[in-house]
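File shown: run-v1.cif (mmCIF, C-alpha atoms).
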data_data
loop_
_atom_site.label_atom_id
_atom_site.label_comp_id
_atom_site.auth_asym_id
_atom_site.auth_seq_id
_atom_site.Cartn_x
_atom_site.Cartn_y
_atom_site.Cartn_z
CA MET A 142 -4.07 -29.09 -18.61
CA SER A 143 -4.36 -29.11 -22.36
CA ASP A 144 -4.05 -32.37 -24.32
CA LEU A 145 -3.03 -30.42 -27.40
CA ASP A 146 0.49 -30.60 -28.74
CA PRO A 147 2.11 -27.42 -27.35
CA LYS A 148 2.77 -26.10 -30.85
CA ASP A 149 -0.88 -26.60 -31.77
CA GLU A 150 -1.86 -24.92 -28.52
CA LEU A 151 0.38 -21.97 -29.38
CA VAL A 152 -1.65 -21.34 -32.53
CA THR A 153 -4.87 -21.08 -30.48
CA HIS A 154 -3.38 -18.17 -28.50
CA LEU A 155 -2.33 -16.12 -31.53
CA PRO A 156 -5.47 -13.94 -31.77
CA ALA A 157 -5.02 -12.92 -28.10
CA LEU A 158 -1.29 -12.44 -28.60
CA ARG A 159 -1.97 -10.11 -31.50
CA ALA A 160 -4.56 -8.17 -29.50
CA PHE A 161 -1.98 -7.78 -26.73
CA ALA A 162 0.69 -6.70 -29.23
CA LEU A 163 -1.60 -4.05 -30.74
CA SER A 164 -2.60 -2.81 -27.30
CA LEU A 165 1.00 -2.55 -26.19
CA THR A 166 2.62 -1.08 -29.29
CA ARG A 167 -0.32 0.92 -30.73
CA ASN A 168 1.38 0.43 -34.08
CA ARG A 169 0.33 -2.27 -36.52
CA ALA A 170 3.73 -2.80 -38.14
CA THR A 171 5.52 -2.93 -34.78
CA ALA A 172 2.86 -5.25 -33.37
CA ASP A 173 3.30 -7.64 -36.29
CA ASP A 174 7.10 -7.60 -35.97
CA MET A 175 6.88 -8.21 -32.21
CA MET A 176 4.46 -11.03 -32.78
CA GLN A 177 6.64 -12.64 -35.42
CA ASP A 178 9.64 -12.53 -33.07
CA ALA A 179 7.59 -13.91 -30.19
CA VAL A 180 6.18 -16.80 -32.23
CA LEU A 181 9.62 -17.67 -33.56
CA LYS A 182 11.15 -17.55 -30.09
CA ALA A 183 8.34 -19.57 -28.50
CA TRP A 184 8.36 -22.18 -31.27
CA SER A 185 12.12 -22.72 -31.07
CA ASN A 186 12.07 -22.77 -27.26
CA MET A 187 9.02 -24.96 -26.84
CA ASP A 188 11.10 -27.48 -24.88
CA LYS A 189 11.43 -24.80 -22.18
CA PHE A 190 7.67 -24.41 -21.81
CA GLN A 191 6.44 -26.28 -18.76
CA PRO A 192 3.33 -28.31 -19.59
CA GLY A 193 0.49 -27.52 -17.23
CA THR A 194 1.49 -23.89 -16.88
CA ASN A 195 -0.27 -21.03 -18.60
CA MET A 196 0.92 -20.85 -22.21
CA ARG A 197 -0.86 -17.56 -22.86
CA ALA A 198 1.01 -15.95 -19.98
CA TRP A 199 4.27 -17.41 -21.30
CA LEU A 200 3.64 -16.02 -24.80
CA PHE A 201 2.57 -12.60 -23.52
CA THR A 202 5.71 -12.46 -21.39
CA ILE A 203 7.95 -13.28 -24.36
CA LEU A 204 6.27 -10.59 -26.44
CA ARG A 205 6.39 -7.85 -23.82
CA ASN A 206 10.02 -8.58 -22.92
CA ASN A 207 10.88 -8.45 -26.58
CA TYR A 208 9.03 -5.16 -27.01
CA TYR A 209 10.71 -3.39 -24.08
CA SER A 210 14.08 -4.82 -25.01
CA SER A 211 13.81 -3.53 -28.57
CA ARG A 212 12.62 -0.13 -27.30
CA ARG A 213 15.70 0.04 -25.07
CA LYS A 214 18.00 -1.03 -27.88
CA LEU A 215 16.62 1.67 -30.14
CA ASN A 216 16.84 4.07 -27.21
CA ARG A 217 13.36 5.29 -28.00
CA GLU A 218 11.56 7.00 -25.20
CA VAL A 219 8.57 7.77 -27.37
CA ALA A 220 6.85 4.98 -29.23
CA ASP A 221 5.96 5.31 -32.87
CA VAL A 222 2.18 5.27 -32.60
CA ASP A 223 -0.03 4.93 -35.65
CA ASN A 224 -3.32 4.66 -33.77
CA ALA A 225 -3.59 0.99 -34.74
CA PHE A 226 -5.44 0.46 -31.52
CA SER A 227 -8.10 3.13 -31.89
CA ASP A 228 -8.41 2.59 -35.62
CA THR A 229 -9.12 -1.11 -35.24
CA LEU A 230 -12.85 -0.84 -35.03
CA SER A 231 -15.23 -3.62 -35.80
CA VAL A 232 -18.32 -2.67 -37.71
CA LYS A 233 -20.66 -0.85 -35.41
CA PRO A 234 -23.65 1.35 -35.95
CA ASP A 235 -22.74 4.91 -36.75
CA HIS A 236 -24.27 6.68 -33.81
CA ASP A 237 -23.23 8.12 -30.48
CA GLY A 238 -22.24 4.69 -29.24
CA ARG A 239 -19.56 4.43 -31.88
CA LEU A 240 -18.19 7.79 -30.86
CA GLN A 241 -18.14 6.71 -27.24
CA MET A 242 -16.21 3.55 -28.08
CA MET A 243 -13.70 5.54 -30.11
CA ASP A 244 -13.38 7.94 -27.18
CA PHE A 245 -12.60 5.03 -24.92
CA ARG A 246 -9.95 3.65 -27.27
CA ALA A 247 -8.42 7.08 -27.81
CA ALA A 248 -8.28 7.61 -24.05
CA PHE A 249 -6.70 4.18 -23.56
CA GLU A 250 -4.01 5.01 -26.12
CA GLN A 251 -2.98 8.00 -24.05
CA LEU A 252 -2.03 5.85 -21.05
CA ALA A 253 1.60 5.05 -20.27
CA ASP A 254 2.94 1.67 -21.46
CA GLU A 255 2.93 0.14 -17.99
CA HIS A 256 -0.64 1.30 -17.37
CA ARG A 257 -2.00 0.00 -20.68
CA GLU A 258 -0.23 -3.26 -20.09
CA ALA A 259 -1.62 -3.61 -16.56
CA LEU A 260 -5.19 -2.91 -17.67
CA ILE A 261 -5.02 -5.31 -20.60
CA LEU A 262 -3.56 -8.11 -18.50
CA VAL A 263 -5.85 -7.73 -15.48
CA GLY A 264 -8.93 -5.91 -16.80
CA ALA A 265 -9.28 -7.40 -20.28
CA SER A 266 -7.44 -10.74 -20.25
CA GLY A 267 -8.46 -11.81 -16.77
CA PHE A 268 -5.00 -12.59 -15.39
CA SER A 269 -4.76 -12.45 -11.61
CA TYR A 270 -2.72 -9.63 -10.07
CA ASP A 271 -0.12 -12.24 -9.07
CA ASP A 272 0.18 -13.65 -12.59
CA ALA A 273 0.26 -10.21 -14.21
CA ALA A 274 2.92 -9.07 -11.74
CA GLN A 275 5.04 -12.12 -12.48
CA MET A 276 4.69 -11.56 -16.22
CA CYS A 277 5.88 -7.97 -15.85
CA GLY A 278 8.60 -8.76 -13.31
CA VAL A 279 7.15 -6.56 -10.57
CA ALA A 280 5.63 -7.10 -7.11
CA THR A 281 1.92 -7.83 -6.84
CA GLY A 282 1.40 -4.54 -4.98
CA THR A 283 3.04 -2.67 -7.84
CA MET A 284 0.69 -4.31 -10.32
CA LYS A 285 -2.35 -3.38 -8.18
CA SER A 286 -1.10 0.16 -7.98
CA ARG A 287 -0.60 0.33 -11.77
CA VAL A 288 -4.12 -0.93 -12.42
CA ASN A 289 -5.57 1.59 -9.95
CA ARG A 290 -3.62 4.47 -11.43
CA ALA A 291 -4.56 3.43 -14.96
CA ARG A 292 -8.26 3.32 -14.05
CA ALA A 293 -7.96 6.69 -12.34
CA LYS A 294 -6.32 8.18 -15.41
CA LEU A 295 -9.03 6.81 -17.72
CA THR A 296 -11.67 8.13 -15.33
CA GLU A 297 -10.03 11.53 -15.52
CA ILE A 298 -9.63 11.60 -19.32
CA LEU A 299 -13.19 10.39 -19.94
CA GLN A 300 -14.54 12.47 -17.04
CA LEU A 301 -16.37 9.42 -15.75
CA ASP A 302 -16.68 10.76 -12.23
CA SER A 303 -18.85 13.70 -13.18
CA ASN A 304 -22.39 13.24 -11.93
CA ASP A 305 -24.05 12.28 -15.18
CA ALA A 306 -21.15 11.11 -17.33
CA LEU A 307 -21.50 7.43 -16.60
CA GLU A 308 -25.25 7.39 -17.19
CA LEU A 309 -24.77 8.92 -20.64
CA THR A 310 -21.78 6.73 -21.42
CA ASP A 311 -23.57 3.62 -20.19
CA ALA A 312 -26.53 4.27 -22.43
CA ALA A 313 -24.32 4.83 -25.46
CA THR A 314 -22.17 1.83 -24.71
CA VAL A 315 -25.13 -0.46 -24.19
CA ALA A 316 -26.12 0.45 -27.72
CA VAL A 317 -22.69 -0.58 -28.98
CA VAL A 318 -21.76 -3.43 -26.73
CA GLY A 319 -25.23 -4.81 -26.36
CA SER A 320 -24.41 -5.97 -22.86
CA PRO A 321 -27.33 -6.21 -20.47
CA ASN A 322 -24.96 -6.30 -17.53
CA LEU A 323 -23.59 -2.79 -17.39
CA PRO A 324 -23.59 -1.35 -13.88
CA SER A 325 -26.73 0.52 -12.94
CA MET B 152 -20.82 9.15 1.85
CA ALA B 153 -17.84 6.83 1.73
CA ASP B 154 -20.17 4.03 0.63
CA ASP B 155 -21.53 6.21 -2.16
CA GLY B 156 -17.99 6.98 -3.27
CA ASP B 157 -16.99 3.32 -3.19
CA ALA B 158 -20.11 2.31 -5.10
CA LYS B 159 -19.40 4.94 -7.73
CA LYS B 160 -15.77 3.82 -8.04
CA ASP B 161 -16.86 0.18 -8.36
CA ARG B 162 -19.28 1.20 -11.05
CA ILE B 163 -16.63 3.14 -12.96
CA ASP B 164 -14.15 0.26 -12.62
CA ARG B 165 -16.72 -2.21 -13.97
CA PHE B 166 -17.51 0.13 -16.82
CA ILE B 167 -13.81 0.40 -17.71
CA ASP B 168 -13.25 -3.36 -17.53
CA GLN B 169 -16.30 -4.09 -19.69
CA ASN B 170 -15.08 -1.66 -22.32
CA LEU B 171 -11.58 -3.12 -22.14
CA LYS B 172 -12.93 -6.63 -22.69
CA ARG B 173 -14.95 -5.41 -25.64
CA VAL B 174 -11.98 -3.62 -27.20
CA PHE B 175 -9.71 -6.63 -26.63
CA SER B 176 -12.29 -8.96 -28.14
CA ASP B 177 -12.51 -6.69 -31.21
CA LEU B 178 -8.74 -6.80 -31.58
CA GLU B 179 -8.72 -10.59 -31.23
CA SER B 180 -11.05 -10.87 -34.20
CA ASP B 181 -8.74 -8.76 -36.37
CA GLU B 182 -7.42 -10.73 -39.34
CA MET B 183 -4.13 -12.53 -38.73
CA PRO B 184 -1.34 -10.90 -40.75
CA ASP B 185 0.05 -12.87 -43.70
CA GLN B 186 3.56 -12.73 -42.27
CA ILE B 187 2.44 -14.75 -39.24
CA ILE B 188 0.54 -17.30 -41.34
CA ASP B 189 3.59 -17.64 -43.59
CA LEU B 190 5.92 -17.98 -40.60
CA LEU B 191 3.81 -20.80 -39.14
CA ALA B 192 3.88 -22.61 -42.48
CA VAL B 193 7.69 -22.35 -42.60
CA LEU B 194 8.06 -23.52 -39.00
CA ARG B 195 5.76 -26.49 -39.55
CA ALA B 196 7.61 -27.43 -42.75
CA GLN B 197 10.94 -27.27 -40.90
CA ASP B 198 9.56 -29.51 -38.14
CA THR B 199 8.33 -32.04 -40.69
CA GLU B 200 11.67 -32.00 -42.49
CA MET B 201 13.52 -32.51 -39.23
CA LYS B 202 11.22 -35.35 -38.24
CA ASP B 203 11.69 -37.07 -41.61
CA LYS B 204 15.47 -36.81 -41.30
CA ASN B 205 15.40 -38.39 -37.87
CA GLU B 206 13.27 -41.33 -38.95
#
Could you render the structure from this file as structure tokens?
Amino acid sequence: MSDLDPKDELVTHLPALRAFALSLTRNRATADDMMQDAVLKAWSNMDKFQPGTNMRAWLFTILRNNYYSSRRKLNREVADVDNAFSDTLSVKPDHDGRLQMMDFRAAFEQLADEHREALILVGASGFSYDDAAQMCGVATGTMKSRVNRARAKLTEILQLDSNDALELTDAATVAVVGSPNLPS
Amino acid sequence: MADDGDAKKDRIDRFIDQNLKRVFSDLESDEMPDQIIDLLAVLRAQDTEMKDKNE
């Protein structure tokens, strides 16, 4: 449990909240608007936050509910995407590895909302299936299924199941990510 | 054969998760927009004002 004042703790989660907003909306302006609404709502409802529970999960839930609610209000089936996600590249060497990383981001952007959300919550943010399911208001089995389908779709788009694709991609990604722990 | 398939799937899943973590980490280091910084300043000022009134 954090000893921080909840409002000070909120500030520490903002970089992750913004990353989640960009992943979900794929549009910088929309992400910033969603984040502003979420911060305002969380700040003014801080008395409803239960100390000892996961504030990041609470903030992510506020933001995603806000996003889907505004999409419904606008009756927009198709999101206004400006490639904020795939364009947000940190400085990396200009070689094949950079292209591979852009490929990965571009492929991720093609996934359905619920699949991107599931992968970000479980795969990138480390939430348990139970927590992610609760945040999205679905059963744990549904969340597992979404993660599996999202991974399958990425595998298909990036052709990762071809015999040599992963070896090539691994080598390129090692150059970018610099991780010694990629699967061999 | 099933083991080979499972091992390959595990490897692909790990690859995807590692890339996701990297992408998410990149996004986290993106600069915070001014509108959020400004909003926090306004909210903190309101809290201080409220606190002063109540004292």
- Task: Have a look at CA of Phe268 (chain A) and CA of Asn289 (chain A) and let me know their distance in Å, one decimal.
- Result: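 Separating CA of Phe268 (chain A) from CA of Asn289 (chain A) is a distance of 15.2 Å.
Nearest residue to chain A among B:Val193, B:Asp155, B:Asn205, B:Ile167 is B:Ile167, counting all atoms listed in the file.
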- Message: Counting only C-alpha atoms, a student should be able to say which residues of chain A come within 6 Å of chain B; what is the right answer, written as JSON, numbers by chain?
- Response: {"A": [156, 157, 160, 264, 265, 324]}
- List the residues matched by the PyMOL selection byres ((chain A and resi 181-197) around 9) in the displayed structure as a list in words, ordered by chain and then by residue number. Met142, Ser143, Pro147, Lys148, Glu150, Leu151, His154, Leu155, Ala157, Leu158, Met176, Gln177, Asp178, Ala179, Val180, Ala198, Trp199, Leu200, Phe201, Thr202 and Ile203 of chain A; Leu190, Leu191 and Leu194 of chain B
May I have the residues from that selection written out with C-alpha atoms, as a PDB file, in the frame of the given file?
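Listed below is the output, again.pdb:
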ATOM      1  CA  MET A 142      -4.070 -29.090 -18.610  1.00  0.00           C
ATOM      2  CA  SER A 143      -4.360 -29.110 -22.360  1.00  0.00           C
ATOM      3  CA  PRO A 147       2.110 -27.420 -27.350  1.00  0.00           C
ATOM      4  CA  LYS A 148       2.770 -26.100 -30.850  1.00  0.00           C
ATOM      5  CA  GLU A 150      -1.860 -24.920 -28.520  1.00  0.00           C
ATOM      6  CA  LEU A 151       0.380 -21.970 -29.380  1.00  0.00           C
ATOM      7  CA  HIS A 154      -3.380 -18.170 -28.500  1.00  0.00           C
ATOM      8  CA  LEU A 155      -2.330 -16.120 -31.530  1.00  0.00           C
ATOM      9  CA  ALA A 157      -5.020 -12.920 -28.100  1.00  0.00           C
ATOM     10  CA  LEU A 158      -1.290 -12.440 -28.600  1.00  0.00           C
ATOM     11  CA  MET A 176       4.460 -11.030 -32.780  1.00  0.00           C
ATOM     12  CA  GLN A 177       6.640 -12.640 -35.420  1.00  0.00           C
ATOM     13  CA  ASP A 178       9.640 -12.530 -33.070  1.00  0.00           C
ATOM     14  CA  ALA A 179       7.590 -13.910 -30.190  1.00  0.00           C
ATOM     15  CA  VAL A 180       6.180 -16.800 -32.230  1.00  0.00           C
ATOM     16  CA  ALA A 198       1.010 -15.950 -19.980  1.00  0.00           C
ATOM     17  CA  TRP A 199       4.270 -17.410 -21.300  1.00  0.00           C
ATOM     18  CA  LEU A 200       3.640 -16.020 -24.800  1.00  0.00           C
ATOM     19  CA  PHE A 201       2.570 -12.600 -23.520  1.00  0.00           C
ATOM     20  CA  THR A 202       5.710 -12.460 -21.390  1.00  0.00           C
ATOM     21  CA  ILE A 203       7.950 -13.280 -24.360  1.00  0.00           C
TER      22      ILE A 203
ATOM     23  CA  LEU B 190       5.920 -17.980 -40.600  1.00  0.00           C
ATOM     24  CA  LEU B 191       3.810 -20.800 -39.140  1.00  0.00           C
ATOM     25  CA  LEU B 194       8.060 -23.520 -39.000  1.00  0.00           C
TER      26      LEU B 194
END
- Separation of CA of Met284 (chain A) and CA of Phe245 (chain A), in Å? 21.8 Å
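Proximity ranking of A:Ser269, A:Ser164, A:Thr296, A:Thr281 relative to Arg246 (chain A) places A:Ser164 first, based on all atoms listed in the file.
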- One-decimal distance in Å that lies between CA of Arg287 (chain A) and CA of Asp174 (chain A): 26.6 Å
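Proximity to Met276 (chain A) was assessed for A:Ser303, A:Leu260, A:Asn206, A:Glu250 counting all atoms listed in the file; the smallest distance is recorded for A:Asn206.
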- Find, counting all atoms listed in the file, the residue in A:Leu299, A:Met243, A:Ala170, A:Ala162 that gets nearest to Glu258 (chain A).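 Distance minimum relative to Glu258 (chain A) lands on A:Ala162.
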- Nearest to Arg292 (chain A): which of A:Asp144, A:Arg213, A:Ala253, A:Leu204 is it, counting all atoms listed in the file? A:Ala253
- Query: In terms of the shortest atom-to-atom distance over all atoms listed in the file, which of A:Ala273, A:Val152, A:Ala247, A:Leu215 is closest to Ala259 (chain A)?
  - Reply: A:Ala273
